[in-house]
>>> print(open('target.pdb').read())   # PDB, C-alpha atoms
ATOM      1  CA  MET A   1     172.099 115.752  30.374  1.00  0.00           C
ATOM      2  CA  THR A   2     173.934 115.205  33.641  1.00  0.00           C
ATOM      3  CA  GLY A   3     176.881 117.179  34.878  1.00  0.00           C
ATOM      4  CA  PRO A   4     179.536 116.287  37.394  1.00  0.00           C
ATOM      5  CA  GLY A   5     178.010 115.368  40.701  1.00  0.00           C
ATOM      6  CA  PRO A   6     179.363 114.487  44.096  1.00  0.00           C
ATOM      7  CA  GLY A   7     180.819 111.241  42.767  1.00  0.00           C
ATOM      8  CA  PRO A   8     179.642 107.825  41.777  1.00  0.00           C
ATOM      9  CA  GLY A   9     176.881 106.379  43.867  1.00  0.00           C
ATOM     10  CA  PRO A  10     176.097 102.796  44.732  1.00  0.00           C
ATOM     11  CA  GLY A  11     175.976 100.615  41.671  1.00  0.00           C
ATOM     12  CA  ALA A  12     177.797 103.164  39.531  1.00  0.00           C
ATOM     13  CA  GLY A  13     180.517 100.699  38.601  1.00  0.00           C
ATOM     14  CA  ASP A  14     182.872 101.759  41.368  1.00  0.00           C
ATOM     15  CA  ALA A  15     182.965  98.418  43.220  1.00  0.00           C
ATOM     16  CA  ASP A  16     186.243  97.325  41.622  1.00  0.00           C
ATOM     17  CA  GLU A  17     187.937 100.626  42.539  1.00  0.00           C
ATOM     18  CA  ARG A  18     187.423 100.227  46.274  1.00  0.00           C
ATOM     19  CA  PRO A  19     189.887  98.191  48.304  1.00  0.00           C
ATOM     20  CA  PRO A  20     188.603  94.685  48.974  1.00  0.00           C
ATOM     21  CA  VAL A  21     187.158  93.595  52.275  1.00  0.00           C
ATOM     22  CA  LEU A  22     189.823  91.283  53.719  1.00  0.00           C
ATOM     23  CA  ALA A  23     188.721  88.050  55.360  1.00  0.00           C
ATOM     24  CA  ALA A  24     190.160  84.652  56.226  1.00  0.00           C
ATOM     25  CA  GLY A  25     188.956  81.198  57.097  1.00  0.00           C
ATOM     26  CA  CYS A  26     189.710  77.509  57.129  1.00  0.00           C
ATOM     27  CA  ALA A  27     188.652  74.366  55.347  1.00  0.00           C
ATOM     28  CA  LEU A  28     188.180  72.528  58.624  1.00  0.00           C
ATOM     29  CA  TRP A  29     188.624  68.750  58.725  1.00  0.00           C
ATOM     30  CA  ARG A  30     188.925  65.864  61.144  1.00  0.00           C
ATOM     31  CA  ARG A  31     188.853  62.092  61.298  1.00  0.00           C
ATOM     32  CA  SER A  32     185.452  60.768  62.372  1.00  0.00           C
ATOM     33  CA  PRO A  33     185.434  59.639  66.007  1.00  0.00           C
ATOM     34  CA  TYR A  34     183.225  56.708  64.888  1.00  0.00           C
ATOM     35  CA  ASP A  35     184.977  55.194  61.877  1.00  0.00           C
ATOM     36  CA  GLY A  36     188.118  57.260  61.248  1.00  0.00           C
ATOM     37  CA  ARG A  37     186.928  58.549  57.877  1.00  0.00           C
ATOM     38  CA  LEU A  38     187.622  62.085  56.700  1.00  0.00           C
ATOM     39  CA  GLU A  39     184.958  64.654  57.628  1.00  0.00           C
ATOM     40  CA  LEU A  40     184.767  68.323  56.677  1.00  0.00           C
ATOM     41  CA  GLY A  41     183.317  70.921  59.036  1.00  0.00           C
ATOM     42  CA  LEU A  42     180.741  73.299  57.559  1.00  0.00           C
ATOM     43  CA  VAL A  43     178.858  76.093  59.291  1.00  0.00           C
ATOM     44  CA  HIS A  44     175.317  77.360  58.751  1.00  0.00           C
ATOM     45  CA  ARG A  45     174.916  81.124  58.931  1.00  0.00           C
ATOM     46  CA  PRO A  46     171.283  82.047  59.614  1.00  0.00           C
ATOM     47  CA  LYS A  47     171.796  85.658  58.457  1.00  0.00           C
ATOM     48  CA  TYR A  48     172.478  84.383  54.923  1.00  0.00           C
ATOM     49  CA  ASP A  49     170.808  80.957  55.270  1.00  0.00           C
ATOM     50  CA  ASP A  50     173.875  79.360  53.713  1.00  0.00           C
ATOM     51  CA  TRP A  51     176.389  76.601  54.380  1.00  0.00           C
ATOM     52  CA  SER A  52     180.025  77.622  54.146  1.00  0.00           C
ATOM     53  CA  TRP A  53     183.474  77.243  55.636  1.00  0.00           C
ATOM     54  CA  PRO A  54     184.157  79.095  58.899  1.00  0.00           C
ATOM     55  CA  LYS A  55     185.506  82.514  57.931  1.00  0.00           C
ATOM     56  CA  GLY A  56     185.203  86.189  58.705  1.00  0.00           C
ATOM     57  CA  LYS A  57     186.546  89.683  58.280  1.00  0.00           C
ATOM     58  CA  LEU A  58     189.996  90.495  59.558  1.00  0.00           C
ATOM     59  CA  LYS A  59     190.396  93.020  62.331  1.00  0.00           C
ATOM     60  CA  ARG A  60     192.521  96.083  61.584  1.00  0.00           C
ATOM     61  CA  GLY A  61     196.182  95.029  61.479  1.00  0.00           C
ATOM     62  CA  GLU A  62     195.383  91.341  62.036  1.00  0.00           C
ATOM     63  CA  GLU A  63     197.433  88.774  60.132  1.00  0.00           C
ATOM     64  CA  ALA A  64     195.296  86.586  57.864  1.00  0.00           C
ATOM     65  CA  LEU A  65     196.224  83.245  59.465  1.00  0.00           C
ATOM     66  CA  ALA A  66     195.595  84.582  62.972  1.00  0.00           C
ATOM     67  CA  GLY A  67     192.219  85.877  61.794  1.00  0.00           C
ATOM     68  CA  ALA A  68     191.350  82.527  60.213  1.00  0.00           C
ATOM     69  CA  LEU A  69     192.096  80.670  63.453  1.00  0.00           C
ATOM     70  CA  ARG A  70     190.159  83.245  65.495  1.00  0.00           C
ATOM     71  CA  GLU A  71     187.148  82.924  63.205  1.00  0.00           C
ATOM     72  CA  VAL A  72     187.171  79.109  63.399  1.00  0.00           C
ATOM     73  CA  LEU A  73     187.211  79.289  67.197  1.00  0.00           C
ATOM     74  CA  GLU A  74     184.500  81.987  67.351  1.00  0.00           C
ATOM     75  CA  GLU A  75     182.178  80.300  64.874  1.00  0.00           C
ATOM     76  CA  THR A  76     182.682  76.620  65.712  1.00  0.00           C
ATOM     77  CA  GLY A  77     184.201  76.456  69.192  1.00  0.00           C
ATOM     78  CA  MET A  78     186.993  74.352  67.671  1.00  0.00           C
ATOM     79  CA  THR A  79     190.703  74.764  68.073  1.00  0.00           C
ATOM     80  CA  CYS A  80     192.635  73.702  65.021  1.00  0.00           C
ATOM     81  CA  GLU A  81     196.078  73.086  63.619  1.00  0.00           C
ATOM     82  CA  PRO A  82     196.628  75.078  60.434  1.00  0.00           C
ATOM     83  CA  GLY A  83     198.129  73.434  57.392  1.00  0.00           C
ATOM     84  CA  PRO A  84     198.945  74.691  53.918  1.00  0.00           C
ATOM     85  CA  ALA A  85     197.313  77.724  52.354  1.00  0.00           C
ATOM     86  CA  LEU A  86     194.466  76.984  49.958  1.00  0.00           C
ATOM     87  CA  PRO A  87     193.297  79.105  47.011  1.00  0.00           C
ATOM     88  CA  THR A  88     192.130  82.611  47.845  1.00  0.00           C
ATOM     89  CA  ALA A  89     188.533  83.464  46.929  1.00  0.00           C
ATOM     90  CA  HIS A  90     187.698  86.760  45.217  1.00  0.00           C
ATOM     91  CA  TYR A  91     184.073  87.813  44.813  1.00  0.00           C
ATOM     92  CA  LEU A  92     181.615  90.652  45.323  1.00  0.00           C
ATOM     93  CA  ALA A  93     179.775  90.791  48.646  1.00  0.00           C
ATOM     94  CA  GLU A  94     177.025  93.384  48.894  1.00  0.00           C
ATOM     95  CA  GLY A  95     178.530  95.115  45.846  1.00  0.00           C
ATOM     96  CA  ARG A  96     182.023  95.342  47.291  1.00  0.00           C
ATOM     97  CA  PRO A  97     185.071  93.258  46.359  1.00  0.00           C
ATOM     98  CA  LYS A  98     185.975  90.673  48.962  1.00  0.00           C
ATOM     99  CA  GLU A  99     189.159  88.625  49.300  1.00  0.00           C
ATOM    100  CA  VAL A 100     189.111  85.550  51.538  1.00  0.00           C
ATOM    101  CA  ARG A 101     192.342  83.678  52.272  1.00  0.00           C
ATOM    102  CA  TYR A 102     191.935  80.048  53.340  1.00  0.00           C
ATOM    103  CA  TRP A 103     194.017  77.376  55.018  1.00  0.00           C
ATOM    104  CA  ALA A 104     193.545  73.672  55.483  1.00  0.00           C
ATOM    105  CA  ALA A 105     193.058  73.120  59.218  1.00  0.00           C
ATOM    106  CA  ARG A 106     192.688  69.955  61.285  1.00  0.00           C
ATOM    107  CA  ALA A 107     190.255  70.289  64.187  1.00  0.00           C
ATOM    108  CA  THR A 108     192.092  69.410  67.400  1.00  0.00           C
ATOM    109  CA  GLY A 109     189.474  69.956  70.091  1.00  0.00           C
ATOM    110  CA  GLY A 110     186.613  72.035  71.368  1.00  0.00           C
ATOM    111  CA  ALA A 111     182.855  71.866  71.250  1.00  0.00           C
ATOM    112  CA  PHE A 112     180.271  73.738  69.219  1.00  0.00           C
ATOM    113  CA  ALA A 113     177.689  75.991  70.824  1.00  0.00           C
ATOM    114  CA  PRO A 114     175.250  77.966  68.652  1.00  0.00           C
ATOM    115  CA  ASN A 115     176.089  81.669  68.520  1.00  0.00           C
ATOM    116  CA  ARG A 116     174.865  84.843  66.835  1.00  0.00           C
ATOM    117  CA  GLU A 117     176.731  84.105  63.582  1.00  0.00           C
ATOM    118  CA  VAL A 118     176.476  80.315  63.332  1.00  0.00           C
ATOM    119  CA  ASP A 119     173.536  78.224  64.478  1.00  0.00           C
ATOM    120  CA  ARG A 120     174.672  74.805  63.220  1.00  0.00           C
ATOM    121  CA  ILE A 121     177.812  72.900  62.301  1.00  0.00           C
ATOM    122  CA  LEU A 122     177.934  69.695  60.284  1.00  0.00           C
ATOM    123  CA  TRP A 123     180.749  67.175  59.901  1.00  0.00           C
ATOM    124  CA  LEU A 124     180.314  65.523  56.512  1.00  0.00           C
ATOM    125  CA  PRO A 125     182.256  63.246  54.178  1.00  0.00           C
ATOM    126  CA  PRO A 126     183.809  65.239  51.289  1.00  0.00           C
ATOM    127  CA  ALA A 127     181.141  64.395  48.669  1.00  0.00           C
ATOM    128  CA  ALA A 128     178.292  65.315  51.020  1.00  0.00           C
ATOM    129  CA  ALA A 129     180.103  68.504  52.073  1.00  0.00           C
ATOM    130  CA  ARG A 130     180.548  69.533  48.435  1.00  0.00           C
ATOM    131  CA  ASN A 131     176.816  69.048  47.869  1.00  0.00           C
ATOM    132  CA  ARG A 132     175.831  70.920  51.043  1.00  0.00           C
ATOM    133  CA  LEU A 133     177.988  74.008  50.404  1.00  0.00           C
ATOM    134  CA  THR A 134     175.862  76.839  49.061  1.00  0.00           C
ATOM    135  CA  HIS A 135     178.414  78.634  46.849  1.00  0.00           C
ATOM    136  CA  ASP A 136     180.521  77.217  44.013  1.00  0.00           C
ATOM    137  CA  ARG A 137     183.559  79.146  45.283  1.00  0.00           C
ATOM    138  CA  ASP A 138     183.366  77.127  48.515  1.00  0.00           C
ATOM    139  CA  ARG A 139     182.942  73.836  46.653  1.00  0.00           C
ATOM    140  CA  ARG A 140     186.255  74.397  44.855  1.00  0.00           C
ATOM    141  CA  LEU A 141     188.011  74.360  48.230  1.00  0.00           C
ATOM    142  CA  VAL A 142     186.902  70.760  48.822  1.00  0.00           C
ATOM    143  CA  ASP A 143     189.073  69.648  45.901  1.00  0.00           C
ATOM    144  CA  ALA A 144     191.980  71.847  47.007  1.00  0.00           C
ATOM    145  CA  LEU A 145     191.788  70.429  50.540  1.00  0.00           C
ATOM    146  CA  LEU A 146     191.624  66.844  49.301  1.00  0.00           C
ATOM    147  CA  ALA A 147     194.663  67.447  47.073  1.00  0.00           C
ATOM    148  CA  VAL A 148     196.625  68.804  50.065  1.00  0.00           C
ATOM    149  CA  LEU A 149     195.655  65.833  52.223  1.00  0.00           C
ATOM    150  CA  ARG A 150     196.480  63.305  49.464  1.00  0.00           C
ATOM    151  CA  ALA A 151     199.877  64.931  48.950  1.00  0.00           C
ATOM    152  CA  GLY A 152     200.611  64.403  52.625  1.00  0.00           C
ATOM    153  CA  ALA A 153     201.315  68.098  53.059  1.00  0.00           C
ATOM    154  CA  HIS A 154     199.375  67.912  56.305  1.00  0.00           C
ATOM    155  CA  GLU A 155     198.823  65.021  58.691  1.00  0.00           C
ATOM    156  CA  ALA A 156     195.837  63.158  57.305  1.00  0.00           C
TER
END
>>> encode(input="target.pdb", output="structure tokens")
Amino acid sequence: MTGPGPGPGPGAGDADERPPVLAAGCALWRRSPYDGRLELGLVHRPKYDDWSWPKGKLKRGEEALAGALREVLEETGMTCEPGPALPTAHYLAEGRPKEVRYWAARATGGAFAPNREVDRILWLPPAAARNRLTHDRDRRLVDALLAVLRAGAHEA
């Protein structure tokens, strides 16, 4: 028989009661400099050995869009022009709820240099990007981005 203790510990079902970790990122895209076809920019994070969209945690008081643009620049070296908001992802990360807001964003310049968070970036056609992305939640953003670009809601 157990009595009241100091409170629930890790894994005690309290993950949903804590406020989510807030993060933001972009579904980064460009036109290929070689043939003009659409390419999506994915990053490889060695810490997790995964392929994802550039994203990261918001700083205290930081607006989500500003954080998304900061993260793209920090992780990829790319400046970008933000477009429409894309679906927000909700999932558990290390047992804690996480909420990631995304925007479509056209890469406008810059150059990648490996850094402590991202060691590689790939520019891939949409089908190849969908296959390369590690998580299903990231794959869903490919379709959302393509719908935005087809609708002409952002310069394609």
>>> residues_around(input="target.pdb", residues="range 88-102 of chain A", least_positions_apart="2", cutoff="9 Å", atoms="only C-alpha atoms", output="PDB file with C-alpha atoms, in the frame of the given file")
ATOM      1  CA  PRO A  10     176.097 102.796  44.732  1.00  0.00           C
ATOM      2  CA  GLY A  11     175.976 100.615  41.671  1.00  0.00           C
ATOM      3  CA  ASP A  14     182.872 101.759  41.368  1.00  0.00           C
ATOM      4  CA  ALA A  15     182.965  98.418  43.220  1.00  0.00           C
ATOM      5  CA  ASP A  16     186.243  97.325  41.622  1.00  0.00           C
ATOM      6  CA  GLU A  17     187.937 100.626  42.539  1.00  0.00           C
ATOM      7  CA  ARG A  18     187.423 100.227  46.274  1.00  0.00           C
ATOM      8  CA  PRO A  19     189.887  98.191  48.304  1.00  0.00           C
ATOM      9  CA  PRO A  20     188.603  94.685  48.974  1.00  0.00           C
ATOM     10  CA  VAL A  21     187.158  93.595  52.275  1.00  0.00           C
ATOM     11  CA  LEU A  22     189.823  91.283  53.719  1.00  0.00           C
ATOM     12  CA  ALA A  23     188.721  88.050  55.360  1.00  0.00           C
ATOM     13  CA  ALA A  24     190.160  84.652  56.226  1.00  0.00           C
ATOM     14  CA  GLY A  25     188.956  81.198  57.097  1.00  0.00           C
ATOM     15  CA  CYS A  26     189.710  77.509  57.129  1.00  0.00           C
ATOM     16  CA  ALA A  27     188.652  74.366  55.347  1.00  0.00           C
ATOM     17  CA  LYS A  55     185.506  82.514  57.931  1.00  0.00           C
ATOM     18  CA  GLY A  56     185.203  86.189  58.705  1.00  0.00           C
ATOM     19  CA  LYS A  57     186.546  89.683  58.280  1.00  0.00           C
ATOM     20  CA  ALA A  64     195.296  86.586  57.864  1.00  0.00           C
ATOM     21  CA  LEU A  65     196.224  83.245  59.465  1.00  0.00           C
ATOM     22  CA  ALA A  68     191.350  82.527  60.213  1.00  0.00           C
ATOM     23  CA  PRO A  84     198.945  74.691  53.918  1.00  0.00           C
ATOM     24  CA  ALA A  85     197.313  77.724  52.354  1.00  0.00           C
ATOM     25  CA  LEU A  86     194.466  76.984  49.958  1.00  0.00           C
ATOM     26  CA  ALA A 104     193.545  73.672  55.483  1.00  0.00           C
ATOM     27  CA  ARG A 137     183.559  79.146  45.283  1.00  0.00           C
ATOM     28  CA  ASP A 138     183.366  77.127  48.515  1.00  0.00           C
ATOM     29  CA  LEU A 141     188.011  74.360  48.230  1.00  0.00           C
TER      30      LEU A 141
END
>>> residues_around(input="target.pdb", residues="Thr79 in chain A", least_positions_apart="6", cutoff="12 Å", atoms="only C-alpha atoms", output="number ranges by chain")
A: 26, 28-30, 68-73, 105-112
>>> atom_distance(input="target.pdb", atom1="CA of Thr76 in chain A", atom2="CA of Leu146 in chain A")
21.1 Å
>>> atom_distance(input="target.pdb", atom1="CA of Leu124 in chain A", atom2="CA of Ala66 in chain A")
25.3 Å
>>> axis_aligned_box(input="target.pdb", around="range 24-42 of chain A", padding_each_side="5 Å", output="JSON")
{"center_x": 185.5, "center_y": 69.9, "center_z": 60.7, "size_x": 19.4, "size_y": 39.5, "size_z": 20.7}
>>> atom_distance(input="target.pdb", atom1="CA of Asp143 in chain A", atom2="CA of Glu62 in chain A")
27.8 Å
>>> residues_around(input="target.pdb", residues="range 114-123 of chain A", least_positions_apart="6", cutoff="6 Å", atoms="only C-alpha atoms", output="ChimeraX atom specification")
/A:39-45,75
>>> write_last_selection(input="target.pdb", atoms="C-alpha atoms", output="compact mmCIF listing (two decimals), in the frame of the given file")
# COMPACT_ATOMS: atom_id res chain seq x y z
CA GLU A 39 184.96 64.65 57.63
CA LEU A 40 184.77 68.32 56.68
CA GLY A 41 183.32 70.92 59.04
CA LEU A 42 180.74 73.30 57.56
CA VAL A 43 178.86 76.09 59.29
CA HIS A 44 175.32 77.36 58.75
CA ARG A 45 174.92 81.12 58.93
CA GLU A 75 182.18 80.30 64.87
>>> closest_residue(input="target.pdb", among="A:Met78, A:Leu58, A:Val148, A:Val142", to="Ala127 in chain A", atoms="only C-alpha atoms")
A:Val142
>>> residues_around(input="target.pdb", residues="range 132-136 of chain A", least_positions_apart="4", cutoff="7 Å", atoms="all atoms listed in the file", output="list in words")
Asp50, Trp51, Ser52, Ala128 and Arg140 of chain A
>>> closest_residue(input="target.pdb", among="A:Ala113, A:Trp103, A:Arg60, A:Arg37", to="Glu74 in chain A", atoms="all atoms listed in the file")
A:Ala113
>>> closest_residue(input="target.pdb", among="A:Gly77, A:Gly61, A:Pro33, A:Pro87", to="Ala147 in chain A", atoms="all atoms listed in the file")
A:Pro87
>>> build_atoms(input="target.pdb", residues="range 80-91 of chain A", atoms="all heavy atoms", output="PDB file, in the coordinates of the input")
ATOM      1  N   CYS A  80     192.181  74.436  66.193  1.00  0.00           N
ATOM      2  CA  CYS A  80     192.635  73.702  65.021  1.00  0.00           C
ATOM      3  C   CYS A  80     194.114  73.932  64.774  1.00  0.00           C
ATOM      4  O   CYS A  80     194.703  74.897  65.263  1.00  0.00           O
ATOM      5  CB  CYS A  80     191.813  74.074  63.792  1.00  0.00           C
ATOM      6  SG  CYS A  80     191.896  75.805  63.320  1.00  0.00           S
ATOM      7  N   GLU A  81     194.675  73.010  64.020  1.00  0.00           N
ATOM      8  CA  GLU A  81     196.078  73.086  63.619  1.00  0.00           C
ATOM      9  C   GLU A  81     196.110  73.473  62.146  1.00  0.00           C
ATOM     10  O   GLU A  81     195.643  72.709  61.291  1.00  0.00           O
ATOM     11  CB  GLU A  81     196.724  71.720  63.814  1.00  0.00           C
ATOM     12  CG  GLU A  81     198.145  71.639  63.348  1.00  0.00           C
ATOM     13  CD  GLU A  81     198.669  70.213  63.435  1.00  0.00           C
ATOM     14  OE1 GLU A  81     198.200  69.439  64.294  1.00  0.00           O
ATOM     15  OE2 GLU A  81     199.544  69.885  62.624  1.00  0.00           O
ATOM     16  N   PRO A  82     196.633  74.655  61.834  1.00  0.00           N
ATOM     17  CA  PRO A  82     196.628  75.078  60.434  1.00  0.00           C
ATOM     18  C   PRO A  82     197.636  74.302  59.600  1.00  0.00           C
ATOM     19  O   PRO A  82     198.693  73.898  60.085  1.00  0.00           O
ATOM     20  CB  PRO A  82     197.002  76.555  60.504  1.00  0.00           C
ATOM     21  CG  PRO A  82     197.788  76.688  61.757  1.00  0.00           C
ATOM     22  CD  PRO A  82     197.226  75.664  62.713  1.00  0.00           C
ATOM     23  N   GLY A  83     197.263  74.087  58.363  1.00  0.00           N
ATOM     24  CA  GLY A  83     198.129  73.434  57.392  1.00  0.00           C
ATOM     25  C   GLY A  83     198.424  74.394  56.258  1.00  0.00           C
ATOM     26  O   GLY A  83     198.444  75.613  56.453  1.00  0.00           O
ATOM     27  N   PRO A  84     198.602  73.864  55.065  1.00  0.00           N
ATOM     28  CA  PRO A  84     198.945  74.691  53.918  1.00  0.00           C
ATOM     29  C   PRO A  84     197.839  75.673  53.532  1.00  0.00           C
ATOM     30  O   PRO A  84     196.656  75.424  53.777  1.00  0.00           O
ATOM     31  CB  PRO A  84     199.161  73.677  52.794  1.00  0.00           C
ATOM     32  CG  PRO A  84     199.390  72.375  53.477  1.00  0.00           C
ATOM     33  CD  PRO A  84     198.632  72.439  54.757  1.00  0.00           C
ATOM     34  N   ALA A  85     198.268  76.756  52.906  1.00  0.00           N
ATOM     35  CA  ALA A  85     197.313  77.724  52.354  1.00  0.00           C
ATOM     36  C   ALA A  85     196.568  77.064  51.199  1.00  0.00           C
ATOM     37  O   ALA A  85     197.121  76.246  50.465  1.00  0.00           O
ATOM     38  CB  ALA A  85     198.043  78.972  51.888  1.00  0.00           C
ATOM     39  N   LEU A  86     195.321  77.436  51.056  1.00  0.00           N
ATOM     40  CA  LEU A  86     194.466  76.984  49.958  1.00  0.00           C
ATOM     41  C   LEU A  86     194.188  78.186  49.055  1.00  0.00           C
ATOM     42  O   LEU A  86     194.536  79.319  49.406  1.00  0.00           O
ATOM     43  CB  LEU A  86     193.170  76.397  50.525  1.00  0.00           C
ATOM     44  CG  LEU A  86     193.336  75.165  51.414  1.00  0.00           C
ATOM     45  CD1 LEU A  86     191.990  74.761  52.015  1.00  0.00           C
ATOM     46  CD2 LEU A  86     193.949  74.009  50.643  1.00  0.00           C
ATOM     47  N   PRO A  87     193.565  77.973  47.905  1.00  0.00           N
ATOM     48  CA  PRO A  87     193.297  79.105  47.011  1.00  0.00           C
ATOM     49  C   PRO A  87     192.489  80.209  47.694  1.00  0.00           C
ATOM     50  O   PRO A  87     191.594  79.951  48.495  1.00  0.00           O
ATOM     51  CB  PRO A  87     192.507  78.473  45.868  1.00  0.00           C
ATOM     52  CG  PRO A  87     192.939  77.049  45.863  1.00  0.00           C
ATOM     53  CD  PRO A  87     193.159  76.697  47.315  1.00  0.00           C
ATOM     54  N   THR A  88     192.830  81.428  47.355  1.00  0.00           N
ATOM     55  CA  THR A  88     192.130  82.611  47.845  1.00  0.00           C
ATOM     56  C   THR A  88     190.890  82.838  46.994  1.00  0.00           C
ATOM     57  O   THR A  88     190.939  82.705  45.774  1.00  0.00           O
ATOM     58  CB  THR A  88     193.056  83.839  47.779  1.00  0.00           C
ATOM     59  OG1 THR A  88     194.180  83.596  48.631  1.00  0.00           O
ATOM     60  CG2 THR A  88     192.353  85.107  48.215  1.00  0.00           C
ATOM     61  N   ALA A  89     189.783  83.168  47.639  1.00  0.00           N
ATOM     62  CA  ALA A  89     188.533  83.464  46.929  1.00  0.00           C
ATOM     63  C   ALA A  89     188.403  84.966  46.731  1.00  0.00           C
ATOM     64  O   ALA A  89     188.703  85.748  47.643  1.00  0.00           O
ATOM     65  CB  ALA A  89     187.341  82.930  47.720  1.00  0.00           C
ATOM     66  N   HIS A  90     187.958  85.356  45.555  1.00  0.00           N
ATOM     67  CA  HIS A  90     187.698  86.760  45.217  1.00  0.00           C
ATOM     68  C   HIS A  90     186.279  86.831  44.669  1.00  0.00           C
ATOM     69  O   HIS A  90     185.952  86.113  43.720  1.00  0.00           O
ATOM     70  CB  HIS A  90     188.667  87.256  44.147  1.00  0.00           C
ATOM     71  CG  HIS A  90     190.100  87.196  44.558  1.00  0.00           C
ATOM     72  ND1 HIS A  90     190.727  88.225  45.213  1.00  0.00           N
ATOM     73  CD2 HIS A  90     191.023  86.217  44.424  1.00  0.00           C
ATOM     74  CE1 HIS A  90     191.981  87.894  45.456  1.00  0.00           C
ATOM     75  NE2 HIS A  90     192.188  86.672  44.994  1.00  0.00           N
ATOM     76  N   TYR A  91     185.455  87.674  45.273  1.00  0.00           N
ATOM     77  CA  TYR A  91     184.073  87.813  44.813  1.00  0.00           C
ATOM     78  C   TYR A  91     183.498  89.123  45.321  1.00  0.00           C
ATOM     79  O   TYR A  91     184.133  89.830  46.112  1.00  0.00           O
ATOM     80  CB  TYR A  91     183.218  86.627  45.246  1.00  0.00           C
ATOM     81  CG  TYR A  91     183.191  86.361  46.734  1.00  0.00           C
ATOM     82  CD1 TYR A  91     182.174  86.870  47.544  1.00  0.00           C
ATOM     83  CD2 TYR A  91     184.169  85.567  47.347  1.00  0.00           C
ATOM     84  CE1 TYR A  91     182.146  86.615  48.905  1.00  0.00           C
ATOM     85  CE2 TYR A  91     184.143  85.307  48.702  1.00  0.00           C
ATOM     86  CZ  TYR A  91     183.132  85.834  49.472  1.00  0.00           C
ATOM     87  OH  TYR A  91     183.101  85.575  50.814  1.00  0.00           O
TER      88      TYR A  91
END
